[in-house]
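Undergrad: My questions all concern the structure below.
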2 protein chains.
Amino acid sequence: IDTAGMDDEGDLGKLRVERSKKMLMRTDFALYVMDAEDISSEDEKSAELLFKRFHIPFMKIINKMDLLDQEKTENLKKRYPDAVFVSEKDFSSILRLKDEIVKRISKNMEEPPLVADLLPYGGTVVMVVPIDSEAPKGRIILPQVQCIRDCLDHGVKSYVVRDTELEKALSDLDYKVDLVITDSQAFKSVNEMVPPSIRLTSFSMIFARNKGDLAVFNEGLKAIENLDENSKILIAESCTHNFSCEDIGRVKIPRLLNERLGKNLNYEFKMGHDFPENHEEYDLIIHCGACMTNRKTMQSRMRICSECGIPMTNYGVLLAYLNGISERAMAIFREEADLGEETA
Amino acid sequence: IDTAGMDDEGDLGKLRVERSKKMLMRTDFALYVMDAEDISSEDEKSAELLFKRFHIPFMKIINKMDLLDQEKTENLKKRYPDAVFVSEKDFSSILRLKDEIVKRISKNMEEPPLVADLLPYGGTVVMVVPIDSEAPKGRIILPQVQCIRDCLDHGVKSYVVRDTELEKALSDLDYKVDLVITDSQAFKSVNEMVPPSIRLTSFSMIFARNKGDLAVFNEGLKAIENLDENSKILIAESCTHNFSCEDIGRVKIPRLLNERLGKNLNYEFKMGHDFPENHEEYDLIIHCGACMTNRKTMQSRMRICSECGIPMTNYGVLLAYLNGISERAMAIFREEADLGEETA
């Protein structure tokens, strides 16, 4: 994404810089490009600060090297030992830049685990995928595909079934199942069908761990019992087009939360990249599963909330809690790390 | 897809009309738009003939109705009782058109079955998905996703495993398995692992049935034993970007076929929408699984081949044959219909 830069002036310029900063929240890797003849140390420093604030690995690129004489070139190379120097007049410098970008990005990409890392090699997972009218025709949704693939990569076998065939599926396998993963929508009924000896969690919990942080979301649940009619709750969704999420966020969660507390709470909704700056006014932020956005976006949003001390949780973690099955749904993750006190 | 129309003149015009005709081979539904003031019965008839030749359901739309007086309008409506009449100046006529298009398209969409229609409700399928370096990271390929979804829709359970975990998977289920579906690449080893009492086929065979016609592809195999150094074989792929297919088409199939016949045959390759007109010169056409194209494209290509009497088969059917497991791989489909004599 080519941003307008960090140093624009005037009213429109300010808006542009604001947009560039918002973009940083979603950035996995940054290229900071400077003109060889026009380097501002001040701008450079403020950009570096921003990159560090949002934990963005970055590289410096110095352009228009053809404008400098040899002495100036040497000086610049000494001053920026890690930068890459390019000129549009030197095609090989562009190729070197490409190689360098690929090299540095791959060095910085750690793929966070999904679920199979918690399971034994050769293990068995039952995945419960209820098919409702909202599922896209002829497909299964991305988080489910990703979990199947993650299991394949780790030599874990996935038995993919609807909720209506789940009991038969468990008996097919003689109940020798390492984990059942369900769509959050069917959490309650699946919880009743799966014997207590078998672990159970949801696709949303897996992605809460993969893109966010289960300990943070679990901690966020503690804010719930203190909510009242004066509290302000933000429900944030990262995409604008997933009907199923919309229904969970706009209908199910508010209804279940109101029922739980016996109160009519105040909800505000934000969609897409529109994550508000005025977080201080919220008492709880409930985020969607973020299945259509990258990990960086979630990490940035979590950082902003933690800086302002605003409790944050997500759909999957909250739905498990409201269905009274937090503890069970969290168990598979609990072993690997300390996820804070149990809340359910 | 908005084509250039069927009535263009001059050299460039001819090219345009040629392109429109090629497009028809891939068309699921056609809208034939005429000017209210400029209707050519001749063009209309020739378009209708083309639609019928390619088995394309179509509807007629008459545009610019605002240019006609009431009498002419009445006459036109009598002459075209099934047409839809629109004017860009009458917004409600555009809305009516949209509704009518949706209505007629849904009436004409029969979804051909994939595989679950051949299995009992509550049945169990084992899907073998070997993960090699060509599989896109974090995903599974579309034909596999579609088969899982098809099974879910029919209440059939899918156990998704790699070839390396297949034997364990079969034993998990106590060998009570209605069908094993494998990637064609692993056909040979999977064939050895799956006991003869369990049905086995491949994803490619399923899509050969779904997009093409197993009886035709099976019949096409008969041409193989008559091929020699003077024969010309066309290998046709419908997409240009699938490395795994490329490898099957350009390397594996020619090698296996040459080995089988002990001869060095002549192969020609065509990719994407580039399906040649001069079919007569080929002795056999071997088509890819067509996983990235629609059923209509395959049906049109098959029709063209059958009109010229050119034998046609596809990757999945041919690979099963060359691995000596045609009969087994075809068994699950054989029950539903007469698929011609056994060739293996």
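The chains in the structure tokens are called A, B, ... from first to last as shown; in each chain the residues are counted from 1, and the ligands are counted from 1 in the order shown.
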Could you please tell me, as a list of chain:residue names, which residues of chain A have an atom within 6 Å of chain B when using only C-alpha atoms?
TA: A:Gly138, A:Arg139, A:Gln146, A:Arg149, A:Lys157, A:Ser158, A:Tyr159, A:Val160, A:Val161, A:Asp172, A:Leu173
Undergrad: Go ahead and dump the residues you just picked, all heavy atoms, as a PDB file, in the first residue's frame.
TA:
ATOM      1  N   GLY A 138     -21.867 -24.157  -2.113  1.00  0.00           N
ATOM      2  CA  GLY A 138     -20.780 -24.955  -2.680  1.00  0.00           C
ATOM      3  C   GLY A 138     -19.426 -24.769  -2.017  1.00  0.00           C
ATOM      4  O   GLY A 138     -18.449 -25.348  -2.450  1.00  0.00           O
ATOM      5  N   ARG A 139     -19.348 -23.968  -0.971  1.00  0.00           N
ATOM      6  CA  ARG A 139     -18.055 -23.715  -0.321  1.00  0.00           C
ATOM      7  C   ARG A 139     -18.155 -23.973   1.180  1.00  0.00           C
ATOM      8  O   ARG A 139     -19.235 -24.125   1.719  1.00  0.00           O
ATOM      9  CB  ARG A 139     -17.619 -22.249  -0.514  1.00  0.00           C
ATOM     10  CG  ARG A 139     -17.582 -21.811  -1.939  1.00  0.00           C
ATOM     11  CD  ARG A 139     -16.462 -22.495  -2.702  1.00  0.00           C
ATOM     12  NE  ARG A 139     -16.776 -22.565  -4.127  1.00  0.00           N
ATOM     13  CZ  ARG A 139     -16.431 -21.640  -5.018  1.00  0.00           C
ATOM     14  NH1 ARG A 139     -15.743 -20.605  -4.635  1.00  0.00           N
ATOM     15  NH2 ARG A 139     -16.761 -21.769  -6.281  1.00  0.00           N
ATOM     16  N   GLN A 146      -8.887 -23.311   6.659  1.00  0.00           N
ATOM     17  CA  GLN A 146      -7.556 -23.128   7.243  1.00  0.00           C
ATOM     18  C   GLN A 146      -7.275 -24.145   8.347  1.00  0.00           C
ATOM     19  O   GLN A 146      -6.157 -24.631   8.473  1.00  0.00           O
ATOM     20  CB  GLN A 146      -7.412 -21.704   7.787  1.00  0.00           C
ATOM     21  CG  GLN A 146      -7.299 -20.672   6.674  1.00  0.00           C
ATOM     22  CD  GLN A 146      -7.261 -19.248   7.221  1.00  0.00           C
ATOM     23  OE1 GLN A 146      -8.268 -18.729   7.687  1.00  0.00           O
ATOM     24  NE2 GLN A 146      -6.103 -18.631   7.184  1.00  0.00           N
ATOM     25  N   ARG A 149      -6.511 -27.528   6.726  1.00  0.00           N
ATOM     26  CA  ARG A 149      -5.170 -27.522   6.165  1.00  0.00           C
ATOM     27  C   ARG A 149      -4.102 -27.591   7.266  1.00  0.00           C
ATOM     28  O   ARG A 149      -3.105 -28.308   7.158  1.00  0.00           O
ATOM     29  CB  ARG A 149      -4.978 -26.271   5.303  1.00  0.00           C
ATOM     30  CG  ARG A 149      -3.549 -26.056   4.832  1.00  0.00           C
ATOM     31  CD  ARG A 149      -3.074 -27.223   3.948  1.00  0.00           C
ATOM     32  NE  ARG A 149      -1.649 -27.167   3.746  1.00  0.00           N
ATOM     33  CZ  ARG A 149      -1.057 -26.734   2.634  1.00  0.00           C
ATOM     34  NH1 ARG A 149      -1.786 -26.350   1.615  1.00  0.00           N
ATOM     35  NH2 ARG A 149       0.252 -26.711   2.530  1.00  0.00           N
ATOM     36  N   LYS A 157      -5.842 -35.866  11.573  1.00  0.00           N
ATOM     37  CA  LYS A 157      -6.974 -36.203  10.701  1.00  0.00           C
ATOM     38  C   LYS A 157      -8.222 -35.427  11.122  1.00  0.00           C
ATOM     39  O   LYS A 157      -8.513 -35.338  12.306  1.00  0.00           O
ATOM     40  CB  LYS A 157      -7.238 -37.713  10.785  1.00  0.00           C
ATOM     41  CG  LYS A 157      -6.076 -38.564  10.271  1.00  0.00           C
ATOM     42  CD  LYS A 157      -6.107 -39.979  10.845  1.00  0.00           C
ATOM     43  CE  LYS A 157      -5.673 -39.963  12.301  1.00  0.00           C
ATOM     44  NZ  LYS A 157      -6.055 -41.125  13.077  1.00  0.00           N
ATOM     45  N   SER A 158      -8.953 -34.883  10.149  1.00  0.00           N
ATOM     46  CA  SER A 158     -10.147 -34.086  10.464  1.00  0.00           C
ATOM     47  C   SER A 158     -11.407 -34.784   9.970  1.00  0.00           C
ATOM     48  O   SER A 158     -11.543 -35.039   8.778  1.00  0.00           O
ATOM     49  CB  SER A 158     -10.090 -32.724   9.762  1.00  0.00           C
ATOM     50  OG  SER A 158      -8.868 -32.097   9.977  1.00  0.00           O
ATOM     51  N   TYR A 159     -12.329 -35.033  10.869  1.00  0.00           N
ATOM     52  CA  TYR A 159     -13.626 -35.603  10.488  1.00  0.00           C
ATOM     53  C   TYR A 159     -14.600 -34.429  10.417  1.00  0.00           C
ATOM     54  O   TYR A 159     -14.932 -33.833  11.443  1.00  0.00           O
ATOM     55  CB  TYR A 159     -14.061 -36.608  11.550  1.00  0.00           C
ATOM     56  CG  TYR A 159     -14.974 -37.726  11.076  1.00  0.00           C
ATOM     57  CD1 TYR A 159     -15.123 -38.040   9.728  1.00  0.00           C
ATOM     58  CD2 TYR A 159     -15.676 -38.499  12.007  1.00  0.00           C
ATOM     59  CE1 TYR A 159     -15.945 -39.085   9.322  1.00  0.00           C
ATOM     60  CE2 TYR A 159     -16.500 -39.554  11.610  1.00  0.00           C
ATOM     61  CZ  TYR A 159     -16.632 -39.835  10.259  1.00  0.00           C
ATOM     62  OH  TYR A 159     -17.442 -40.870   9.866  1.00  0.00           O
ATOM     63  N   VAL A 160     -15.024 -34.074   9.205  1.00  0.00           N
ATOM     64  CA  VAL A 160     -15.833 -32.869   9.016  1.00  0.00           C
ATOM     65  C   VAL A 160     -17.301 -33.257   8.884  1.00  0.00           C
ATOM     66  O   VAL A 160     -17.670 -33.983   7.953  1.00  0.00           O
ATOM     67  CB  VAL A 160     -15.373 -32.097   7.759  1.00  0.00           C
ATOM     68  CG1 VAL A 160     -16.109 -30.771   7.645  1.00  0.00           C
ATOM     69  CG2 VAL A 160     -13.866 -31.863   7.789  1.00  0.00           C
ATOM     70  N   VAL A 161     -18.125 -32.797   9.815  1.00  0.00           N
ATOM     71  CA  VAL A 161     -19.528 -33.230   9.862  1.00  0.00           C
ATOM     72  C   VAL A 161     -20.443 -32.071  10.259  1.00  0.00           C
ATOM     73  O   VAL A 161     -19.991 -31.069  10.799  1.00  0.00           O
ATOM     74  CB  VAL A 161     -19.712 -34.373  10.895  1.00  0.00           C
ATOM     75  CG1 VAL A 161     -18.762 -35.531  10.589  1.00  0.00           C
ATOM     76  CG2 VAL A 161     -19.484 -33.881  12.320  1.00  0.00           C
ATOM     77  N   ASP A 172     -18.689 -43.453  15.342  1.00  0.00           N
ATOM     78  CA  ASP A 172     -17.852 -44.056  14.278  1.00  0.00           C
ATOM     79  C   ASP A 172     -16.413 -44.221  14.760  1.00  0.00           C
ATOM     80  O   ASP A 172     -15.729 -45.183  14.425  1.00  0.00           O
ATOM     81  CB  ASP A 172     -17.769 -43.142  13.039  1.00  0.00           C
ATOM     82  CG  ASP A 172     -19.073 -43.066  12.253  1.00  0.00           C
ATOM     83  OD1 ASP A 172     -19.985 -43.868  12.533  1.00  0.00           O
ATOM     84  OD2 ASP A 172     -19.167 -42.197  11.362  1.00  0.00           O
ATOM     85  N   LEU A 173     -15.953 -43.211  15.496  1.00  0.00           N
ATOM     86  CA  LEU A 173     -14.547 -43.182  15.921  1.00  0.00           C
ATOM     87  C   LEU A 173     -14.372 -43.805  17.299  1.00  0.00           C
ATOM     88  O   LEU A 173     -13.308 -43.687  17.915  1.00  0.00           O
ATOM     89  CB  LEU A 173     -14.034 -41.736  15.932  1.00  0.00           C
ATOM     90  CG  LEU A 173     -13.948 -41.060  14.556  1.00  0.00           C
ATOM     91  CD1 LEU A 173     -13.796 -39.555  14.700  1.00  0.00           C
ATOM     92  CD2 LEU A 173     -12.785 -41.634  13.749  1.00  0.00           C
TER      93      LEU A 173
END
Undergrad: Tell me which protein, DNA and RNA residues are within 10 Å of range 203-210 of chain B, counting only C-alpha atoms, leaving out same-chain ones fewer than 3 positions away, and put them as a short mmCIF file (atom, residue, chain, number, x, y, z; two decimals) with all heavy atoms, in the first residue's frame.
TA:
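Resulting contents of result-v5.cif:
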data_model
loop_
_atom_site.label_atom_id
_atom_site.label_comp_id
_atom_site.auth_asym_id
_atom_site.auth_seq_id
_atom_site.Cartn_x
_atom_site.Cartn_y
_atom_site.Cartn_z
N GLU B 111 -28.01 -27.73 -10.81
CA GLU B 111 -26.68 -28.01 -10.30
C GLU B 111 -26.40 -29.49 -10.50
O GLU B 111 -27.06 -30.33 -9.90
CB GLU B 111 -26.61 -27.66 -8.82
CG GLU B 111 -26.45 -26.19 -8.53
CD GLU B 111 -25.12 -25.63 -9.04
OE1 GLU B 111 -24.09 -26.28 -8.80
OE2 GLU B 111 -25.13 -24.56 -9.66
N PRO B 112 -25.43 -29.83 -11.34
CA PRO B 112 -25.15 -31.26 -11.51
C PRO B 112 -24.55 -31.81 -10.23
O PRO B 112 -23.88 -31.09 -9.50
CB PRO B 112 -24.12 -31.26 -12.64
CG PRO B 112 -23.48 -29.92 -12.58
CD PRO B 112 -24.51 -28.97 -12.05
N PRO B 113 -24.81 -33.08 -9.93
CA PRO B 113 -24.34 -33.63 -8.66
C PRO B 113 -22.82 -33.80 -8.65
O PRO B 113 -22.19 -33.94 -9.69
CB PRO B 113 -25.03 -34.99 -8.60
CG PRO B 113 -25.29 -35.36 -10.01
CD PRO B 113 -25.53 -34.07 -10.75
N LEU B 114 -22.23 -33.77 -7.46
CA LEU B 114 -20.80 -34.05 -7.32
C LEU B 114 -20.61 -35.52 -6.95
O LEU B 114 -20.34 -36.34 -7.80
CB LEU B 114 -20.18 -33.15 -6.25
CG LEU B 114 -19.55 -31.85 -6.73
CD1 LEU B 114 -19.04 -31.04 -5.55
CD2 LEU B 114 -18.39 -32.15 -7.68
N VAL B 115 -20.80 -35.84 -5.67
CA VAL B 115 -20.52 -37.23 -5.28
C VAL B 115 -21.47 -37.74 -4.20
O VAL B 115 -21.82 -38.92 -4.18
CB VAL B 115 -19.05 -37.38 -4.82
CG1 VAL B 115 -18.77 -36.52 -3.59
CG2 VAL B 115 -18.69 -38.83 -4.55
N MET B 127 -11.29 -38.69 2.55
CA MET B 127 -10.68 -37.91 1.47
C MET B 127 -9.18 -37.84 1.69
O MET B 127 -8.73 -37.43 2.76
CB MET B 127 -11.26 -36.50 1.43
CG MET B 127 -12.77 -36.48 1.20
SD MET B 127 -13.37 -34.83 0.81
CE MET B 127 -15.16 -35.13 0.86
N VAL B 128 -8.43 -38.24 0.66
CA VAL B 128 -6.97 -38.27 0.78
C VAL B 128 -6.38 -37.05 0.07
O VAL B 128 -6.51 -36.89 -1.14
CB VAL B 128 -6.39 -39.56 0.18
CG1 VAL B 128 -4.89 -39.63 0.44
CG2 VAL B 128 -7.10 -40.78 0.75
N VAL B 129 -5.78 -36.17 0.86
CA VAL B 129 -5.24 -34.91 0.35
C VAL B 129 -3.75 -34.87 0.67
O VAL B 129 -3.36 -34.44 1.74
CB VAL B 129 -5.96 -33.72 1.03
CG1 VAL B 129 -5.38 -32.40 0.55
CG2 VAL B 129 -7.46 -33.78 0.77
N PRO B 143 -11.53 -28.09 -5.61
CA PRO B 143 -12.31 -29.32 -5.78
C PRO B 143 -12.49 -30.08 -4.47
O PRO B 143 -13.55 -30.67 -4.23
CB PRO B 143 -11.46 -30.15 -6.75
CG PRO B 143 -10.59 -29.17 -7.45
CD PRO B 143 -10.34 -28.05 -6.49
N GLN B 144 -11.48 -30.02 -3.60
CA GLN B 144 -11.60 -30.71 -2.32
C GLN B 144 -12.60 -30.00 -1.41
O GLN B 144 -13.44 -30.64 -0.77
CB GLN B 144 -10.21 -30.80 -1.67
CG GLN B 144 -9.29 -31.71 -2.48
CD GLN B 144 -7.81 -31.40 -2.31
OE1 GLN B 144 -7.43 -30.47 -1.60
NE2 GLN B 144 -6.97 -32.17 -2.97
N GLN B 146 -15.09 -28.23 -2.40
CA GLN B 146 -16.43 -28.47 -2.94
C GLN B 146 -16.96 -29.85 -2.58
O GLN B 146 -18.14 -30.01 -2.31
CB GLN B 146 -16.41 -28.30 -4.47
CG GLN B 146 -16.28 -26.83 -4.87
CD GLN B 146 -16.16 -26.68 -6.38
OE1 GLN B 146 -15.13 -27.00 -6.97
NE2 GLN B 146 -17.21 -26.21 -7.02
N CYS B 147 -16.08 -30.85 -2.57
CA CYS B 147 -16.52 -32.20 -2.20
C CYS B 147 -16.91 -32.26 -0.72
O CYS B 147 -17.91 -32.89 -0.37
CB CYS B 147 -15.43 -33.23 -2.50
SG CYS B 147 -15.30 -33.61 -4.26
N VAL B 180 -13.54 -43.98 -0.59
CA VAL B 180 -12.30 -43.22 -0.42
C VAL B 180 -12.11 -42.39 -1.68
O VAL B 180 -12.23 -42.90 -2.80
CB VAL B 180 -11.08 -44.14 -0.20
CG1 VAL B 180 -9.79 -43.33 -0.15
CG2 VAL B 180 -11.25 -44.95 1.09
N ILE B 181 -11.88 -41.08 -1.51
CA ILE B 181 -11.61 -40.21 -2.66
C ILE B 181 -10.17 -39.72 -2.52
O ILE B 181 -9.80 -39.17 -1.48
CB ILE B 181 -12.53 -38.97 -2.67
CG1 ILE B 181 -14.00 -39.38 -2.53
CG2 ILE B 181 -12.31 -38.16 -3.95
CD1 ILE B 181 -14.94 -38.18 -2.36
N THR B 182 -9.37 -39.93 -3.54
CA THR B 182 -7.98 -39.50 -3.43
C THR B 182 -7.63 -38.49 -4.51
O THR B 182 -8.27 -38.43 -5.56
CB THR B 182 -7.01 -40.70 -3.53
OG1 THR B 182 -5.67 -40.22 -3.38
CG2 THR B 182 -7.11 -41.39 -4.88
N ASP B 183 -6.62 -37.70 -4.24
CA ASP B 183 -5.99 -36.91 -5.27
C ASP B 183 -5.40 -37.90 -6.28
O ASP B 183 -4.80 -38.91 -5.90
CB ASP B 183 -4.88 -36.09 -4.61
CG ASP B 183 -4.27 -35.08 -5.55
OD1 ASP B 183 -3.60 -35.48 -6.52
OD2 ASP B 183 -4.45 -33.89 -5.30
N SER B 184 -5.57 -37.63 -7.58
CA SER B 184 -5.09 -38.56 -8.61
C SER B 184 -3.60 -38.85 -8.48
O SER B 184 -3.13 -39.92 -8.84
CB SER B 184 -5.33 -37.99 -10.01
OG SER B 184 -6.68 -37.97 -10.29
N ASP B 213 -18.52 -35.78 -18.84
CA ASP B 213 -19.39 -36.94 -19.01
C ASP B 213 -18.50 -38.18 -18.95
O ASP B 213 -17.68 -38.42 -19.84
CB ASP B 213 -20.10 -36.85 -20.36
CG ASP B 213 -21.13 -37.96 -20.53
OD1 ASP B 213 -20.87 -39.09 -20.06
OD2 ASP B 213 -22.18 -37.70 -21.14
N LEU B 214 -18.64 -38.97 -17.89
CA LEU B 214 -17.76 -40.12 -17.71
C LEU B 214 -17.86 -41.12 -18.86
O LEU B 214 -16.86 -41.73 -19.25
CB LEU B 214 -18.06 -40.82 -16.38
CG LEU B 214 -17.43 -40.18 -15.15
CD1 LEU B 214 -17.91 -40.87 -13.88
CD2 LEU B 214 -15.91 -40.25 -15.22
N ALA B 215 -19.07 -41.28 -19.41
CA ALA B 215 -19.24 -42.25 -20.49
C ALA B 215 -18.41 -41.84 -21.71
O ALA B 215 -17.73 -42.66 -22.33
CB ALA B 215 -20.72 -42.37 -20.87
N VAL B 216 -18.44 -40.53 -22.01
CA VAL B 216 -17.66 -40.02 -23.15
C VAL B 216 -16.16 -40.20 -22.90
O VAL B 216 -15.42 -40.68 -23.77
CB VAL B 216 -17.97 -38.52 -23.38
CG1 VAL B 216 -16.99 -37.90 -24.37
CG2 VAL B 216 -19.41 -38.35 -23.86
N PHE B 217 -15.70 -39.84 -21.71
CA PHE B 217 -14.27 -39.93 -21.40
C PHE B 217 -13.79 -41.38 -21.37
O PHE B 217 -12.66 -41.69 -21.73
CB PHE B 217 -13.96 -39.25 -20.06
CG PHE B 217 -14.23 -37.77 -20.06
CD1 PHE B 217 -14.49 -37.10 -18.87
CD2 PHE B 217 -14.21 -37.04 -21.24
CE1 PHE B 217 -14.72 -35.72 -18.86
CE2 PHE B 217 -14.46 -35.66 -21.24
CZ PHE B 217 -14.72 -35.02 -20.05
N HIS B 287 -8.28 -33.78 -21.80
CA HIS B 287 -8.61 -32.51 -21.16
C HIS B 287 -8.31 -32.58 -19.67
O HIS B 287 -8.44 -33.63 -19.04
CB HIS B 287 -10.10 -32.18 -21.38
CG HIS B 287 -10.38 -30.72 -21.29
ND1 HIS B 287 -10.39 -30.04 -20.10
CD2 HIS B 287 -10.64 -29.80 -22.26
CE1 HIS B 287 -10.65 -28.76 -20.35
NE2 HIS B 287 -10.80 -28.59 -21.64
N CYS B 288 -7.96 -31.43 -19.08
CA CYS B 288 -7.71 -31.37 -17.64
C CYS B 288 -9.03 -31.52 -16.88
O CYS B 288 -10.10 -31.58 -17.47
CB CYS B 288 -7.05 -30.05 -17.26
SG CYS B 288 -8.20 -28.67 -17.25
N GLY B 289 -8.95 -31.53 -15.56
CA GLY B 289 -10.13 -31.72 -14.72
C GLY B 289 -11.11 -30.56 -14.75
O GLY B 289 -12.22 -30.66 -14.25
N ALA B 290 -10.69 -29.44 -15.32
CA ALA B 290 -11.57 -28.28 -15.48
C ALA B 290 -12.07 -27.74 -14.15
O ALA B 290 -13.17 -27.21 -14.06
CB ALA B 290 -12.75 -28.61 -16.40
N CYS B 291 -11.22 -27.84 -13.10
CA CYS B 291 -11.72 -27.43 -11.78
C CYS B 291 -11.93 -25.92 -11.71
O CYS B 291 -12.71 -25.44 -10.92
CB CYS B 291 -10.80 -27.91 -10.66
SG CYS B 291 -9.16 -27.19 -10.66
N ASN B 294 -16.25 -23.47 -15.82
CA ASN B 294 -17.62 -23.91 -15.56
C ASN B 294 -18.00 -25.12 -16.42
O ASN B 294 -17.30 -25.50 -17.35
CB ASN B 294 -18.62 -22.76 -15.74
CG ASN B 294 -18.62 -22.21 -17.16
OD1 ASN B 294 -17.89 -22.68 -18.03
ND2 ASN B 294 -19.46 -21.22 -17.40
N ARG B 295 -19.10 -25.73 -16.04
CA ARG B 295 -19.59 -26.92 -16.72
C ARG B 295 -19.87 -26.63 -18.19
O ARG B 295 -19.59 -27.45 -19.07
CB ARG B 295 -20.87 -27.37 -16.01
CG ARG B 295 -21.54 -28.59 -16.59
CD ARG B 295 -22.71 -29.02 -15.71
NE ARG B 295 -23.64 -29.84 -16.45
CZ ARG B 295 -23.52 -31.15 -16.60
NH1 ARG B 295 -22.50 -31.77 -16.05
NH2 ARG B 295 -24.41 -31.83 -17.28
N MET B 298 -16.90 -27.07 -20.57
CA MET B 298 -16.59 -28.46 -20.86
C MET B 298 -17.63 -29.07 -21.79
O MET B 298 -17.29 -29.81 -22.72
CB MET B 298 -16.55 -29.28 -19.56
CG MET B 298 -15.21 -29.31 -18.87
SD MET B 298 -13.83 -29.70 -19.99
CE MET B 298 -14.19 -31.41 -20.41
N THR B 313 -10.84 -37.65 -23.71
CA THR B 313 -10.87 -38.18 -22.35
C THR B 313 -10.34 -37.09 -21.42
O THR B 313 -10.09 -35.98 -21.87
CB THR B 313 -10.06 -39.49 -22.23
OG1 THR B 313 -10.30 -40.06 -20.94
CG2 THR B 313 -8.57 -39.26 -22.42
N ASN B 314 -10.22 -37.39 -20.12
CA ASN B 314 -9.67 -36.35 -19.26
C ASN B 314 -8.63 -36.91 -18.30
O ASN B 314 -8.44 -38.12 -18.20
CB ASN B 314 -10.79 -35.55 -18.57
CG ASN B 314 -11.10 -36.03 -17.17
OD1 ASN B 314 -10.90 -37.18 -16.83
ND2 ASN B 314 -11.61 -35.13 -16.35
N TYR B 315 -7.92 -36.00 -17.64
CA TYR B 315 -6.79 -36.38 -16.78
C TYR B 315 -7.15 -37.49 -15.80
O TYR B 315 -6.44 -38.49 -15.68
CB TYR B 315 -6.32 -35.16 -15.96
CG TYR B 315 -5.53 -34.15 -16.71
CD1 TYR B 315 -5.48 -34.14 -18.10
CD2 TYR B 315 -4.82 -33.16 -16.03
CE1 TYR B 315 -4.74 -33.19 -18.78
CE2 TYR B 315 -4.08 -32.21 -16.70
CZ TYR B 315 -4.05 -32.21 -18.07
OH TYR B 315 -3.33 -31.26 -18.72
N GLY B 316 -8.25 -37.29 -15.06
CA GLY B 316 -8.59 -38.22 -13.99
C GLY B 316 -8.89 -39.61 -14.54
O GLY B 316 -8.39 -40.62 -14.02
N VAL B 317 -9.70 -39.65 -15.60
CA VAL B 317 -10.09 -40.93 -16.19
C VAL B 317 -8.86 -41.63 -16.78
O VAL B 317 -8.66 -42.83 -16.61
CB VAL B 317 -11.18 -40.69 -17.27
CG1 VAL B 317 -11.47 -41.96 -18.05
CG2 VAL B 317 -12.45 -40.15 -16.62
N LEU B 318 -8.01 -40.84 -17.44
CA LEU B 318 -6.82 -41.41 -18.06
C LEU B 318 -5.81 -41.90 -17.02
O LEU B 318 -5.22 -42.98 -17.15
CB LEU B 318 -6.16 -40.36 -18.98
CG LEU B 318 -4.91 -40.81 -19.72
CD1 LEU B 318 -5.19 -42.02 -20.60
CD2 LEU B 318 -4.35 -39.67 -20.58
N LEU B 319 -5.62 -41.12 -15.95
CA LEU B 319 -4.66 -41.53 -14.92
C LEU B 319 -5.10 -42.82 -14.24
O LEU B 319 -4.28 -43.69 -13.94
CB LEU B 319 -4.48 -40.42 -13.87
CG LEU B 319 -3.53 -39.29 -14.28
CD1 LEU B 319 -3.56 -38.17 -13.24
CD2 LEU B 319 -2.10 -39.80 -14.45
N ALA B 320 -6.40 -42.95 -14.01
CA ALA B 320 -6.91 -44.19 -13.42
C ALA B 320 -6.60 -45.35 -14.36
O ALA B 320 -6.11 -46.40 -13.93
CB ALA B 320 -8.41 -44.08 -13.18
N SER B 326 -8.89 -48.25 -13.52
CA SER B 326 -10.11 -47.70 -14.11
C SER B 326 -11.36 -48.32 -13.53
O SER B 326 -12.29 -47.64 -13.12
CB SER B 326 -10.14 -47.99 -15.62
OG SER B 326 -9.77 -46.86 -16.34
N ALA B 329 -12.05 -47.40 -9.94
CA ALA B 329 -12.34 -45.97 -9.77
C ALA B 329 -13.70 -45.61 -10.36
O ALA B 329 -14.31 -44.61 -10.00
CB ALA B 329 -11.24 -45.14 -10.41
N MET B 330 -14.16 -46.42 -11.30
CA MET B 330 -15.42 -46.14 -11.99
C MET B 330 -16.61 -46.79 -11.28
O MET B 330 -17.76 -46.40 -11.51
CB MET B 330 -15.31 -46.66 -13.42
CG MET B 330 -16.19 -45.98 -14.43
SD MET B 330 -15.72 -44.26 -14.71
CE MET B 330 -14.73 -44.46 -16.18
N ILE B 332 -18.13 -46.79 -8.40
CA ILE B 332 -19.12 -46.01 -7.64
C ILE B 332 -20.10 -45.31 -8.58
O ILE B 332 -21.26 -45.09 -8.25
CB ILE B 332 -18.43 -44.99 -6.70
CG1 ILE B 332 -19.45 -44.18 -5.89
CG2 ILE B 332 -17.53 -44.02 -7.46
CD1 ILE B 332 -19.84 -44.81 -4.61
N PHE B 333 -19.63 -44.95 -9.78
CA PHE B 333 -20.49 -44.25 -10.73
C PHE B 333 -21.28 -45.22 -11.60
O PHE B 333 -22.30 -44.88 -12.16
CB PHE B 333 -19.65 -43.36 -11.66
CG PHE B 333 -18.73 -42.44 -10.93
CD1 PHE B 333 -17.36 -42.64 -10.92
CD2 PHE B 333 -19.24 -41.35 -10.22
CE1 PHE B 333 -16.51 -41.79 -10.24
CE2 PHE B 333 -18.39 -40.49 -9.54
CZ PHE B 333 -17.03 -40.72 -9.55
#
